[in-house]
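Okay, start.pdb now, which holds PDB, N, CA, C and O atoms:
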```pdb
MODEL        1
ATOM      1  N   MET A  25     -12.497  11.919 -25.840
ATOM      2  CA  MET A  25     -13.310  10.753 -25.543
ATOM      3  C   MET A  25     -12.426   9.702 -24.878
ATOM      4  O   MET A  25     -11.331   9.435 -25.314
ATOM      5  N   ASP A  26     -12.915   9.144 -23.808
ATOM      6  CA  ASP A  26     -12.195   8.104 -23.086
ATOM      7  C   ASP A  26     -12.550   6.762 -23.719
ATOM      8  O   ASP A  26     -13.650   6.243 -23.520
ATOM      9  N   MET A  27     -11.616   6.216 -24.477
ATOM     10  CA  MET A  27     -11.878   4.969 -25.203
ATOM     11  C   MET A  27     -12.130   3.792 -24.271
ATOM     12  O   MET A  27     -12.906   2.905 -24.600
ATOM     13  N   ARG A  28     -11.488   3.776 -23.111
ATOM     14  CA  ARG A  28     -11.729   2.660 -22.175
ATOM     15  C   ARG A  28     -13.188   2.659 -21.724
ATOM     16  O   ARG A  28     -13.824   1.603 -21.674
ATOM     17  N   LYS A  29     -13.717   3.837 -21.408
ATOM     18  CA  LYS A  29     -15.119   3.918 -20.990
ATOM     19  C   LYS A  29     -16.058   3.602 -22.140
ATOM     20  O   LYS A  29     -17.075   2.935 -21.962
ATOM     21  N   LEU A  30     -15.728   4.084 -23.334
ATOM     22  CA  LEU A  30     -16.553   3.807 -24.508
ATOM     23  C   LEU A  30     -16.626   2.311 -24.786
ATOM     24  O   LEU A  30     -17.713   1.756 -24.967
ATOM     25  N   VAL A  31     -15.487   1.645 -24.797
ATOM     26  CA  VAL A  31     -15.467   0.198 -25.030
ATOM     27  C   VAL A  31     -16.255  -0.509 -23.936
ATOM     28  O   VAL A  31     -17.039  -1.424 -24.215
ATOM     29  N   GLY A  32     -16.100  -0.077 -22.705
ATOM     30  CA  GLY A  32     -16.826  -0.691 -21.593
ATOM     31  C   GLY A  32     -18.338  -0.554 -21.744
ATOM     32  O   GLY A  32     -19.077  -1.517 -21.525
ATOM     33  N   ARG A  33     -18.793   0.647 -22.110
ATOM     34  CA  ARG A  33     -20.239   0.857 -22.308
ATOM     35  C   ARG A  33     -20.759   0.011 -23.463
ATOM     36  O   ARG A  33     -21.809  -0.634 -23.357
ATOM     37  N   ASN A  34     -20.028   0.023 -24.578
ATOM     38  CA  ASN A  34     -20.466  -0.762 -25.737
ATOM     39  C   ASN A  34     -20.485  -2.251 -25.413
ATOM     40  O   ASN A  34     -21.427  -2.960 -25.773
ATOM     41  N   PHE A  35     -19.440  -2.716 -24.739
ATOM     42  CA  PHE A  35     -19.393  -4.136 -24.392
ATOM     43  C   PHE A  35     -20.564  -4.510 -23.484
ATOM     44  O   PHE A  35     -21.245  -5.507 -23.727
ATOM     45  N   ALA A  36     -20.801  -3.714 -22.448
ATOM     46  CA  ALA A  36     -21.893  -4.013 -21.506
ATOM     47  C   ALA A  36     -23.242  -4.041 -22.228
ATOM     48  O   ALA A  36     -24.064  -4.938 -22.001
ATOM     49  N   ARG A  37     -23.468  -3.072 -23.099
ATOM     50  CA  ARG A  37     -24.734  -3.011 -23.843
ATOM     51  C   ARG A  37     -24.902  -4.255 -24.713
ATOM     52  O   ARG A  37     -25.955  -4.901 -24.693
ATOM     53  N   LEU A  38     -23.862  -4.605 -25.455
ATOM     54  CA  LEU A  38     -23.940  -5.765 -26.347
ATOM     55  C   LEU A  38     -24.067  -7.069 -25.557
ATOM     56  O   LEU A  38     -24.818  -7.965 -25.948
ATOM     57  N   ARG A  39     -23.335  -7.165 -24.443
ATOM     58  CA  ARG A  39     -23.418  -8.376 -23.611
ATOM     59  C   ARG A  39     -24.843  -8.577 -23.115
ATOM     60  O   ARG A  39     -25.393  -9.681 -23.183
ATOM     61  N   LYS A  40     -25.465  -7.496 -22.669
ATOM     62  CA  LYS A  40     -26.839  -7.597 -22.167
ATOM     63  C   LYS A  40     -27.823  -7.900 -23.290
ATOM     64  O   LYS A  40     -28.760  -8.675 -23.087
ATOM     65  N   GLN A  41     -27.606  -7.321 -24.469
ATOM     66  CA  GLN A  41     -28.473  -7.617 -25.614
ATOM     67  C   GLN A  41     -28.423  -9.091 -25.981
ATOM     68  O   GLN A  41     -29.419  -9.670 -26.406
ATOM     69  N   LYS A  42     -27.245  -9.689 -25.822
ATOM     70  CA  LYS A  42     -27.070 -11.114 -26.126
ATOM     71  C   LYS A  42     -27.459 -12.000 -24.949
ATOM     72  O   LYS A  42     -27.287 -13.217 -24.994
ATOM     73  N   ARG A  43     -27.975 -11.370 -23.885
ATOM     74  CA  ARG A  43     -28.463 -12.063 -22.694
ATOM     75  C   ARG A  43     -27.384 -12.878 -21.964
ATOM     76  O   ARG A  43     -27.642 -13.957 -21.444
ATOM     77  N   PHE A  44     -26.181 -12.327 -21.947
ATOM     78  CA  PHE A  44     -25.098 -12.901 -21.157
ATOM     79  C   PHE A  44     -25.026 -12.186 -19.823
ATOM     80  O   PHE A  44     -25.070 -10.960 -19.782
ATOM     81  N   THR A  45     -24.890 -12.925 -18.739
ATOM     82  CA  THR A  45     -24.466 -12.309 -17.488
ATOM     83  C   THR A  45     -22.948 -12.190 -17.572
ATOM     84  O   THR A  45     -22.306 -12.826 -18.421
ATOM     85  N   GLN A  46     -22.372 -11.410 -16.680
ATOM     86  CA  GLN A  46     -20.910 -11.348 -16.656
ATOM     87  C   GLN A  46     -20.330 -12.730 -16.391
ATOM     88  O   GLN A  46     -19.334 -13.125 -17.004
ATOM     89  N   GLU A  47     -20.959 -13.464 -15.493
ATOM     90  CA  GLU A  47     -20.461 -14.790 -15.136
ATOM     91  C   GLU A  47     -20.531 -15.765 -16.305
ATOM     92  O   GLU A  47     -19.591 -16.513 -16.570
ATOM     93  N   LYS A  48     -21.652 -15.749 -17.016
ATOM     94  CA  LYS A  48     -21.810 -16.653 -18.162
ATOM     95  C   LYS A  48     -20.845 -16.280 -19.280
ATOM     96  O   LYS A  48     -20.245 -17.154 -19.907
ATOM     97  N   PHE A  49     -20.676 -14.971 -19.524
ATOM     98  CA  PHE A  49     -19.728 -14.551 -20.553
ATOM     99  C   PHE A  49     -18.317 -14.996 -20.182
ATOM    100  O   PHE A  49     -17.576 -15.482 -21.034
ATOM    101  N   ALA A  50     -17.964 -14.841 -18.922
ATOM    102  CA  ALA A  50     -16.643 -15.274 -18.472
ATOM    103  C   ALA A  50     -16.453 -16.771 -18.707
ATOM    104  O   ALA A  50     -15.402 -17.214 -19.176
ATOM    105  N   GLU A  51     -17.484 -17.521 -18.417
ATOM    106  CA  GLU A  51     -17.421 -18.981 -18.581
ATOM    107  C   GLU A  51     -17.172 -19.379 -20.038
ATOM    108  O   GLU A  51     -16.333 -20.235 -20.315
ATOM    109  N   VAL A  52     -17.879 -18.760 -20.964
ATOM    110  CA  VAL A  52     -17.751 -19.172 -22.368
ATOM    111  C   VAL A  52     -16.570 -18.526 -23.083
ATOM    112  O   VAL A  52     -16.090 -19.060 -24.083
ATOM    113  N   SER A  53     -16.079 -17.393 -22.556
ATOM    114  CA  SER A  53     -15.006 -16.676 -23.252
ATOM    115  C   SER A  53     -13.615 -16.994 -22.729
ATOM    116  O   SER A  53     -12.629 -16.806 -23.448
ATOM    117  N   GLY A  54     -13.525 -17.425 -21.471
ATOM    118  CA  GLY A  54     -12.215 -17.665 -20.880
ATOM    119  C   GLY A  54     -11.659 -16.463 -20.133
ATOM    120  O   GLY A  54     -10.629 -16.569 -19.468
ATOM    121  N   PHE A  55     -12.309 -15.305 -20.248
ATOM    122  CA  PHE A  55     -11.918 -14.148 -19.451
ATOM    123  C   PHE A  55     -12.508 -14.325 -18.058
ATOM    124  O   PHE A  55     -13.524 -14.986 -17.888
ATOM    125  N   THR A  56     -11.913 -13.693 -17.068
ATOM    126  CA  THR A  56     -12.473 -13.791 -15.729
ATOM    127  C   THR A  56     -13.634 -12.812 -15.574
ATOM    128  O   THR A  56     -13.716 -11.806 -16.285
ATOM    129  N   GLN A  57     -14.503 -13.103 -14.614
ATOM    130  CA  GLN A  57     -15.609 -12.199 -14.332
ATOM    131  C   GLN A  57     -15.069 -10.860 -13.851
ATOM    132  O   GLN A  57     -15.626  -9.806 -14.170
ATOM    133  N   GLN A  58     -13.969 -10.868 -13.116
ATOM    134  CA  GLN A  58     -13.361  -9.618 -12.642
ATOM    135  C   GLN A  58     -12.865  -8.778 -13.821
ATOM    136  O   GLN A  58     -13.030  -7.563 -13.831
ATOM    137  N   TYR A  59     -12.277  -9.428 -14.827
ATOM    138  CA  TYR A  59     -11.817  -8.689 -16.010
ATOM    139  C   TYR A  59     -13.012  -8.050 -16.710
ATOM    140  O   TYR A  59     -12.960  -6.874 -17.103
ATOM    141  N   ILE A  60     -14.094  -8.792 -16.870
ATOM    142  CA  ILE A  60     -15.302  -8.281 -17.532
ATOM    143  C   ILE A  60     -15.848  -7.088 -16.750
ATOM    144  O   ILE A  60     -16.202  -6.060 -17.332
ATOM    145  N   SER A  61     -15.893  -7.208 -15.447
ATOM    146  CA  SER A  61     -16.372  -6.119 -14.609
ATOM    147  C   SER A  61     -15.493  -4.875 -14.766
ATOM    148  O   SER A  61     -15.991  -3.765 -14.954
ATOM    149  N   ASP A  62     -14.187  -5.058 -14.694
ATOM    150  CA  ASP A  62     -13.255  -3.935 -14.849
ATOM    151  C   ASP A  62     -13.365  -3.309 -16.241
ATOM    152  O   ASP A  62     -13.309  -2.092 -16.383
ATOM    153  N   LEU A  63     -13.533  -4.141 -17.257
ATOM    154  CA  LEU A  63     -13.691  -3.655 -18.620
ATOM    155  C   LEU A  63     -14.922  -2.753 -18.728
ATOM    156  O   LEU A  63     -14.853  -1.642 -19.265
ATOM    157  N   GLU A  64     -16.024  -3.209 -18.181
ATOM    158  CA  GLU A  64     -17.272  -2.455 -18.269
ATOM    159  C   GLU A  64     -17.210  -1.146 -17.483
ATOM    160  O   GLU A  64     -17.914  -0.197 -17.820
ATOM    161  N   ARG A  65     -16.368  -1.080 -16.487
ATOM    162  CA  ARG A  65     -16.219   0.156 -15.708
ATOM    163  C   ARG A  65     -15.129   1.061 -16.265
ATOM    164  O   ARG A  65     -14.824   2.104 -15.699
ATOM    165  N   GLY A  66     -14.537   0.668 -17.403
ATOM    166  CA  GLY A  66     -13.522   1.501 -18.030
ATOM    167  C   GLY A  66     -12.178   1.449 -17.349
ATOM    168  O   GLY A  66     -11.354   2.350 -17.502
ATOM    169  N   ARG A  67     -11.928   0.382 -16.623
ATOM    170  CA  ARG A  67     -10.666   0.240 -15.885
ATOM    171  C   ARG A  67      -9.658  -0.654 -16.593
ATOM    172  O   ARG A  67      -8.567  -0.885 -16.069
ATOM    173  N   ARG A  68     -10.024  -1.172 -17.733
ATOM    174  CA  ARG A  68      -9.115  -2.021 -18.519
ATOM    175  C   ARG A  68      -8.848  -1.354 -19.858
ATOM    176  O   ARG A  68      -9.692  -0.643 -20.394
ATOM    177  N   ASN A  69      -7.680  -1.618 -20.390
ATOM    178  CA  ASN A  69      -7.291  -1.097 -21.687
ATOM    179  C   ASN A  69      -7.022  -2.310 -22.587
ATOM    180  O   ASN A  69      -5.882  -2.749 -22.719
ATOM    181  N   PRO A  70      -8.090  -2.863 -23.185
ATOM    182  CA  PRO A  70      -7.928  -4.117 -23.933
ATOM    183  C   PRO A  70      -7.085  -3.942 -25.192
ATOM    184  O   PRO A  70      -7.126  -2.894 -25.839
ATOM    185  N   THR A  71      -6.335  -4.977 -25.500
ATOM    186  CA  THR A  71      -5.548  -4.984 -26.734
ATOM    187  C   THR A  71      -6.476  -5.219 -27.923
ATOM    188  O   THR A  71      -7.647  -5.596 -27.755
ATOM    189  N   VAL A  72      -5.944  -5.044 -29.106
ATOM    190  CA  VAL A  72      -6.708  -5.310 -30.321
ATOM    191  C   VAL A  72      -7.117  -6.778 -30.373
ATOM    192  O   VAL A  72      -8.247  -7.103 -30.740
ATOM    193  N   VAL A  73      -6.241  -7.651 -29.961
ATOM    194  CA  VAL A  73      -6.546  -9.083 -29.943
ATOM    195  C   VAL A  73      -7.680  -9.365 -28.961
ATOM    196  O   VAL A  73      -8.615 -10.115 -29.273
ATOM    197  N   THR A  74      -7.636  -8.736 -27.802
ATOM    198  CA  THR A  74      -8.699  -8.921 -26.812
ATOM    199  C   THR A  74     -10.029  -8.404 -27.346
ATOM    200  O   THR A  74     -11.066  -9.064 -27.183
ATOM    201  N   LEU A  75     -10.031  -7.227 -27.989
ATOM    202  CA  LEU A  75     -11.267  -6.705 -28.589
ATOM    203  C   LEU A  75     -11.842  -7.705 -29.583
ATOM    204  O   LEU A  75     -13.051  -7.943 -29.596
ATOM    205  N   PHE A  76     -10.989  -8.287 -30.388
ATOM    206  CA  PHE A  76     -11.439  -9.268 -31.376
ATOM    207  C   PHE A  76     -12.043 -10.490 -30.685
ATOM    208  O   PHE A  76     -13.100 -10.986 -31.087
ATOM    209  N   GLU A  77     -11.397 -10.981 -29.628
ATOM    210  CA  GLU A  77     -11.899 -12.156 -28.910
ATOM    211  C   GLU A  77     -13.221 -11.871 -28.212
ATOM    212  O   GLU A  77     -14.139 -12.695 -28.232
ATOM    213  N   LEU A  78     -13.331 -10.701 -27.592
ATOM    214  CA  LEU A  78     -14.582 -10.313 -26.937
ATOM    215  C   LEU A  78     -15.716 -10.240 -27.953
ATOM    216  O   LEU A  78     -16.801 -10.781 -27.738
ATOM    217  N   ALA A  79     -15.451  -9.567 -29.069
ATOM    218  CA  ALA A  79     -16.467  -9.404 -30.103
ATOM    219  C   ALA A  79     -16.856 -10.751 -30.711
ATOM    220  O   ALA A  79     -18.047 -11.007 -30.946
ATOM    221  N   SER A  80     -15.888 -11.602 -30.942
ATOM    222  CA  SER A  80     -16.177 -12.920 -31.516
ATOM    223  C   SER A  80     -17.098 -13.723 -30.605
ATOM    224  O   SER A  80     -18.032 -14.374 -31.069
ATOM    225  N   THR A  81     -16.833 -13.676 -29.314
ATOM    226  CA  THR A  81     -17.686 -14.394 -28.360
ATOM    227  C   THR A  81     -19.104 -13.837 -28.362
ATOM    228  O   THR A  81     -20.074 -14.588 -28.241
ATOM    229  N   LEU A  82     -19.222 -12.514 -28.531
ATOM    230  CA  LEU A  82     -20.549 -11.889 -28.590
ATOM    231  C   LEU A  82     -21.237 -12.094 -29.940
ATOM    232  O   LEU A  82     -22.438 -11.875 -30.065
ATOM    233  N   GLY A  83     -20.466 -12.481 -30.954
ATOM    234  CA  GLY A  83     -21.037 -12.645 -32.293
ATOM    235  C   GLY A  83     -21.245 -11.319 -33.002
ATOM    236  O   GLY A  83     -22.170 -11.170 -33.799
ATOM    237  N   VAL A  84     -20.383 -10.334 -32.694
ATOM    238  CA  VAL A  84     -20.455  -9.024 -33.334
ATOM    239  C   VAL A  84     -19.090  -8.684 -33.916
ATOM    240  O   VAL A  84     -18.111  -9.390 -33.693
ATOM    241  N   SER A  85     -19.030  -7.585 -34.638
ATOM    242  CA  SER A  85     -17.757  -7.102 -35.172
ATOM    243  C   SER A  85     -16.978  -6.391 -34.075
ATOM    244  O   SER A  85     -17.570  -5.722 -33.215
ATOM    245  N   HIS A  86     -15.670  -6.485 -34.138
ATOM    246  CA  HIS A  86     -14.830  -5.763 -33.183
ATOM    247  C   HIS A  86     -15.053  -4.253 -33.295
ATOM    248  O   HIS A  86     -14.899  -3.528 -32.318
ATOM    249  N   VAL A  87     -15.466  -3.803 -34.453
ATOM    250  CA  VAL A  87     -15.746  -2.377 -34.670
ATOM    251  C   VAL A  87     -16.901  -1.918 -33.779
ATOM    252  O   VAL A  87     -16.912  -0.774 -33.307
ATOM    253  N   ASP A  88     -17.860  -2.799 -33.514
ATOM    254  CA  ASP A  88     -18.997  -2.441 -32.665
ATOM    255  C   ASP A  88     -18.570  -2.030 -31.252
ATOM    256  O   ASP A  88     -19.292  -1.298 -30.580
ATOM    257  N   LEU A  89     -17.411  -2.487 -30.815
ATOM    258  CA  LEU A  89     -16.940  -2.159 -29.477
ATOM    259  C   LEU A  89     -16.317  -0.769 -29.392
ATOM    260  O   LEU A  89     -16.176  -0.224 -28.298
ATOM    261  N   VAL A  90     -15.956  -0.190 -30.532
ATOM    262  CA  VAL A  90     -15.293   1.119 -30.508
ATOM    263  C   VAL A  90     -16.104   2.226 -31.175
ATOM    264  O   VAL A  90     -15.660   3.371 -31.225
ATOM    265  N   LEU A  91     -17.291   1.909 -31.664
ATOM    266  CA  LEU A  91     -18.129   2.938 -32.282
ATOM    267  C   LEU A  91     -18.624   3.920 -31.229
ATOM    268  O   LEU A  91     -19.087   3.507 -30.170
ATOM    269  N   PRO A  92     -18.548   5.229 -31.506
ATOM    270  CA  PRO A  92     -19.057   6.213 -30.545
ATOM    271  C   PRO A  92     -20.535   5.989 -30.262
ATOM    272  O   PRO A  92     -21.302   5.584 -31.141
ATOM    273  N   ASP A  93     -20.916   6.233 -29.022
ATOM    274  CA  ASP A  93     -22.310   6.107 -28.616
ATOM    275  C   ASP A  93     -22.837   7.484 -28.230
ATOM    276  O   ASP A  93     -22.130   8.488 -28.366
ATOM    277  N   GLU A  94     -24.057   7.530 -27.741
ATOM    278  CA  GLU A  94     -24.683   8.814 -27.416
ATOM    279  C   GLU A  94     -23.980   9.552 -26.272
ATOM    280  O   GLU A  94     -24.086  10.762 -26.159
ATOM    281  N   ASP A  95     -23.249   8.855 -25.431
ATOM    282  CA  ASP A  95     -22.539   9.504 -24.324
ATOM    283  C   ASP A  95     -21.153  10.010 -24.725
ATOM    284  O   ASP A  95     -20.573  10.830 -24.012
ATOM    285  N   ALA A  96     -20.619   9.558 -25.846
ATOM    286  CA  ALA A  96     -19.258   9.904 -26.241
ATOM    287  C   ALA A  96     -19.031  11.403 -26.436
ATOM    288  O   ALA A  96     -18.015  11.924 -25.975
ATOM    289  N   PRO A  97     -19.931  12.154 -27.096
ATOM    290  CA  PRO A  97     -19.663  13.580 -27.294
ATOM    291  C   PRO A  97     -19.619  14.377 -25.992
ATOM    292  O   PRO A  97     -19.003  15.438 -25.941
ATOM    293  N   ASP A  98     -20.249  13.889 -24.934
ATOM    294  CA  ASP A  98     -20.289  14.610 -23.664
ATOM    295  C   ASP A  98     -19.015  14.442 -22.844
ATOM    296  O   ASP A  98     -18.779  15.189 -21.906
ATOM    297  N   GLU A  99     -18.217  13.458 -23.186
ATOM    298  CA  GLU A  99     -16.997  13.216 -22.420
ATOM    299  C   GLU A  99     -15.934  14.232 -22.831
ATOM    300  O   GLU A  99     -15.746  14.529 -23.998
ATOM    301  N   ARG A 100     -15.264  14.761 -21.861
ATOM    302  CA  ARG A 100     -14.182  15.715 -22.102
ATOM    303  C   ARG A 100     -12.912  15.132 -21.548
ATOM    304  O   ARG A 100     -12.901  14.476 -20.504
ATOM    305  N   ARG A 101     -11.819  15.400 -22.232
ATOM    306  CA  ARG A 101     -10.520  14.967 -21.736
ATOM    307  C   ARG A 101     -10.141  15.807 -20.526
ATOM    308  O   ARG A 101     -10.361  16.998 -20.497
ATOM    309  N   ARG A 102      -9.567  15.154 -19.560
ATOM    310  CA  ARG A 102      -9.060  15.871 -18.402
ATOM    311  C   ARG A 102      -7.787  16.591 -18.801
ATOM    312  O   ARG A 102      -7.002  16.071 -19.597
ATOM    313  N   PRO A 103      -7.552  17.769 -18.249
ATOM    314  CA  PRO A 103      -6.299  18.481 -18.560
ATOM    315  C   PRO A 103      -5.106  17.597 -18.264
ATOM    316  O   PRO A 103      -5.062  16.883 -17.262
ATOM    317  N   GLY A 104      -4.138  17.655 -19.168
ATOM    318  CA  GLY A 104      -2.910  16.893 -18.979
ATOM    319  C   GLY A 104      -2.954  15.486 -19.526
ATOM    320  O   GLY A 104      -1.968  14.785 -19.512
ATOM    321  N   LYS A 105      -4.119  15.043 -20.024
ATOM    322  CA  LYS A 105      -4.213  13.698 -20.595
ATOM    323  C   LYS A 105      -3.639  13.693 -21.990
ATOM    324  O   LYS A 105      -3.846  14.608 -22.760
ATOM    325  N   ARG A 106      -2.891  12.656 -22.320
ATOM    326  CA  ARG A 106      -2.342  12.505 -23.669
ATOM    327  C   ARG A 106      -3.425  12.095 -24.631
ATOM    328  O   ARG A 106      -4.367  11.444 -24.278
ATOM    329  N   ARG A 107      -3.261  12.443 -25.859
ATOM    330  CA  ARG A 107      -4.204  12.046 -26.904
ATOM    331  C   ARG A 107      -3.777  10.794 -27.573
ATOM    332  O   ARG A 107      -2.795  10.381 -27.776
TER     333      ARG A 107
ENDMDL
END
```
Take the structure from the file and write it as C-alpha cells.
Amino acid sequence: MDMRKLVGRNFARLRKQKRFTQEKFAEVSGFTQQYISDLERGRRNPTVVTLFELASTLGVSHVDLVLPDEDAPDERRRPGKRR
C-alpha cells in the first residue's frame, strides 16, 4: 500500500466533507495550496507533526488520515520498492 496516496485520498475526502476548498484550507492552516495539491496527489510524504496539524485543522484525528480505505487493498507495491 502506498501510504502517500492513502493519506492524500483520505485528506481530500475529509477536506471536502468539511467543505474546505484547497485554497480555503491553505488560508486557515498555513500550508500552501501547492502543498495541499501535492499531498492529495500522493506527491508529499508528510511528517507525523504535519499529519497532526492537518488533522487538527480539519477537526479530525490524525489516525483518520492513515486508515485504509476501499482503494487500499487494490494497490500493489512496485517491484524494488522498500517496505
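From atom C of Glu77 of chain A back to atom O of Arg37 of chain A, the distance works out to 14.9 Å.
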Based on DSSP run over this structure's backbone, return all residues of chain A in helix (DSSP H, G or I), as a VMD selection string.
chain A and resid 27 to 41 46 to 53 57 to 64 72 to 82 86 to 89 96 to 98
Hits of the PyMOL selection byres ((chain A and resi 80-86) around 8) in this structure, as a list in words
Leu38, Arg39, Gln41, Lys42, Phe49, Val52, Ser53, Val72, Val73, Thr74, Leu75, Phe76, Glu77, Leu78, Ala79, Val87, Asp88, Leu89, Val90 and Leu91 of chain A
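Interatomic distance, atom O of Leu63 of chain A to atom C of Val31 of chain A: 5.0 Å.
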Could you check the closest approach to Ala36 of chain A for each of A:Glu51, A:Arg65, A:Thr71, A:Asp95 and tell me which residue wins, using only N, CA, C and O atoms?
A:Arg65
Around (-14.8, 4.2, -27.5) in the file's own coordinates, what residues are found within 8 Å if you use only C-alpha atoms, given back as an NGL selection string?
:A and (25-32 or 34 or 89-93 or 96)
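Atom CA of Gln57 of chain A sits 9.4 Å away from atom CA of Thr45 of chain A.
Remark: for Pro70 of chain A, the closest of the candidate residues A:Gly54, A:Lys48, A:Arg43, A:Phe35 is A:Phe35 (distances computed over only C-alpha atoms).
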